[in-house]
Structure formats: C-alpha cells, structure tokens
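Engineer: I am attaching a structure below and will ask some questions about it afterwards.
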Amino acid sequence: MLKAIREFIYGMYAFEFEKQAVEMRAELESVFMLITMGDMLGVPVIPPIYSLRVLPYVVPHIATWKRRVMRERELSDREEFHLHGV
C-alpha cells in the first residue's frame, strides 16, 4: 500500500521532471560528441589532436550517437504537446 502511494506521488510530481532531465542530458551529450567527434559526420570543429584525448571515453557511445544524430526527424519531434487544463 505504501509503495503504491509512493509511486503515485512520484508519477504526479517527479516523473515529468526526470523525463525532461534525461532529455536534456541526451541533448548535451549530443552537442559534446558533435564538438569533439564531429569529423566523423563532416563537421570539423575542433582539431583532431584534442579529439584524440577524449577518444577512449567516447568510443563506447559512438555508434548510438551516430544513429541518433543521423536519424530522420519530423518538424514536430521537438514539440511537447501537453493538454493542461483540458
């Protein structure tokens, strides 16, 4: 019973904040990867010598980052459609 109440209160107050924080983190990681490893996509931003320093930390995430960045998007993907007050 107590667990159900906790989950209900979490869903009512904190779920949306957590979802937004996760999305913001993903956007910041994409920007960081673009700045450091943009040469893979043809965007020369930083000289490669600096990219090589962070390469060991970035290698596990390169495949998913390239897939996320090169994915086709619709114009409405970034919009949040909330029906507050309806």
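Residue numbers start at 1 in each chain; chains themselves are named A, B, ... in the order of the structure tokens; ligands are numbered from 1 in the order shown.
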Could you name the residues that touch A:Glu29 at 12 Å or less, counting only C-alpha atoms, but leaving out those on the same chain fewer than 3 positions away, as a PyMOL selection string?
Structural biologist: chain A and resi 22-26+32-37+58+61-62+64-66+68-69
Engineer: Write the residues you've just listed into a file as a PDB file, in the first residue's frame, and include C-alpha atoms for each of them.
Structural biologist:
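Saved as result.pdb:
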```
ATOM      1  CA  VAL A  22      17.085  12.767 -19.206  1.00  0.00           C
ATOM      2  CA  GLU A  23      16.217  14.505 -22.493  1.00  0.00           C
ATOM      3  CA  MET A  24      18.379  17.499 -21.579  1.00  0.00           C
ATOM      4  CA  ARG A  25      21.307  15.226 -20.718  1.00  0.00           C
ATOM      5  CA  ALA A  26      20.978  13.440 -24.066  1.00  0.00           C
ATOM      6  CA  PHE A  32      29.595  17.368 -26.746  1.00  0.00           C
ATOM      7  CA  MET A  33      30.020  14.479 -29.155  1.00  0.00           C
ATOM      8  CA  LEU A  34      29.433  16.791 -32.127  1.00  0.00           C
ATOM      9  CA  ILE A  35      32.075  19.206 -30.889  1.00  0.00           C
ATOM     10  CA  THR A  36      34.671  16.524 -30.160  1.00  0.00           C
ATOM     11  CA  MET A  37      33.929  13.892 -32.816  1.00  0.00           C
ATOM     12  CA  VAL A  58      33.766   8.261 -26.186  1.00  0.00           C
ATOM     13  CA  HIS A  61      28.966   5.725 -27.306  1.00  0.00           C
ATOM     14  CA  ILE A  62      29.934   6.495 -30.916  1.00  0.00           C
ATOM     15  CA  THR A  64      24.488   5.088 -30.750  1.00  0.00           C
ATOM     16  CA  TRP A  65      25.403   8.773 -31.148  1.00  0.00           C
ATOM     17  CA  LYS A  66      25.812   8.465 -34.927  1.00  0.00           C
ATOM     18  CA  ARG A  68      20.732   9.283 -33.058  1.00  0.00           C
ATOM     19  CA  VAL A  69      22.223  12.238 -34.960  1.00  0.00           C
TER      20      VAL A  69
END
```
Engineer: Between atom CA of A:Arg67 and atom CA of A:Val43, what distance in Å does the model show, to one decimal?
Structural biologist: 15.9 Å
Engineer: What does the structure give for the distance between atom CA of A:Ala21 and atom CA of A:Leu55, in Å to one decimal?
Structural biologist: 25.4 Å
Engineer: Give me, as a VMD selection string, the residues of stretch 10-61 of chain A that a backbone DSSP run labels alpha helix (DSSP H).
Structural biologist: chain A and resid 10 to 13 15 to 37 48 to 58
Engineer: Restricting the calculation to only C-alpha atoms, which member of A:Met70, A:Ile5, A:Tyr10, A:Glu18 is positioned closest to A:Met40?
Structural biologist: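 Closest candidate: A:Met70.
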Engineer: So how many Å separate atom CA of A:Arg71 and atom CA of A:Gly38, to one decimal?
Structural biologist: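 Rounded to one decimal, the two atoms are 15.6 Å apart.
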Engineer: From the list A:Phe8, A:Phe15, A:Val45, A:Pro60, which residue is nearest A:Val31 when using only C-alpha atoms?
Structural biologist: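 Distance minimum relative to A:Val31 lands on A:Val45.
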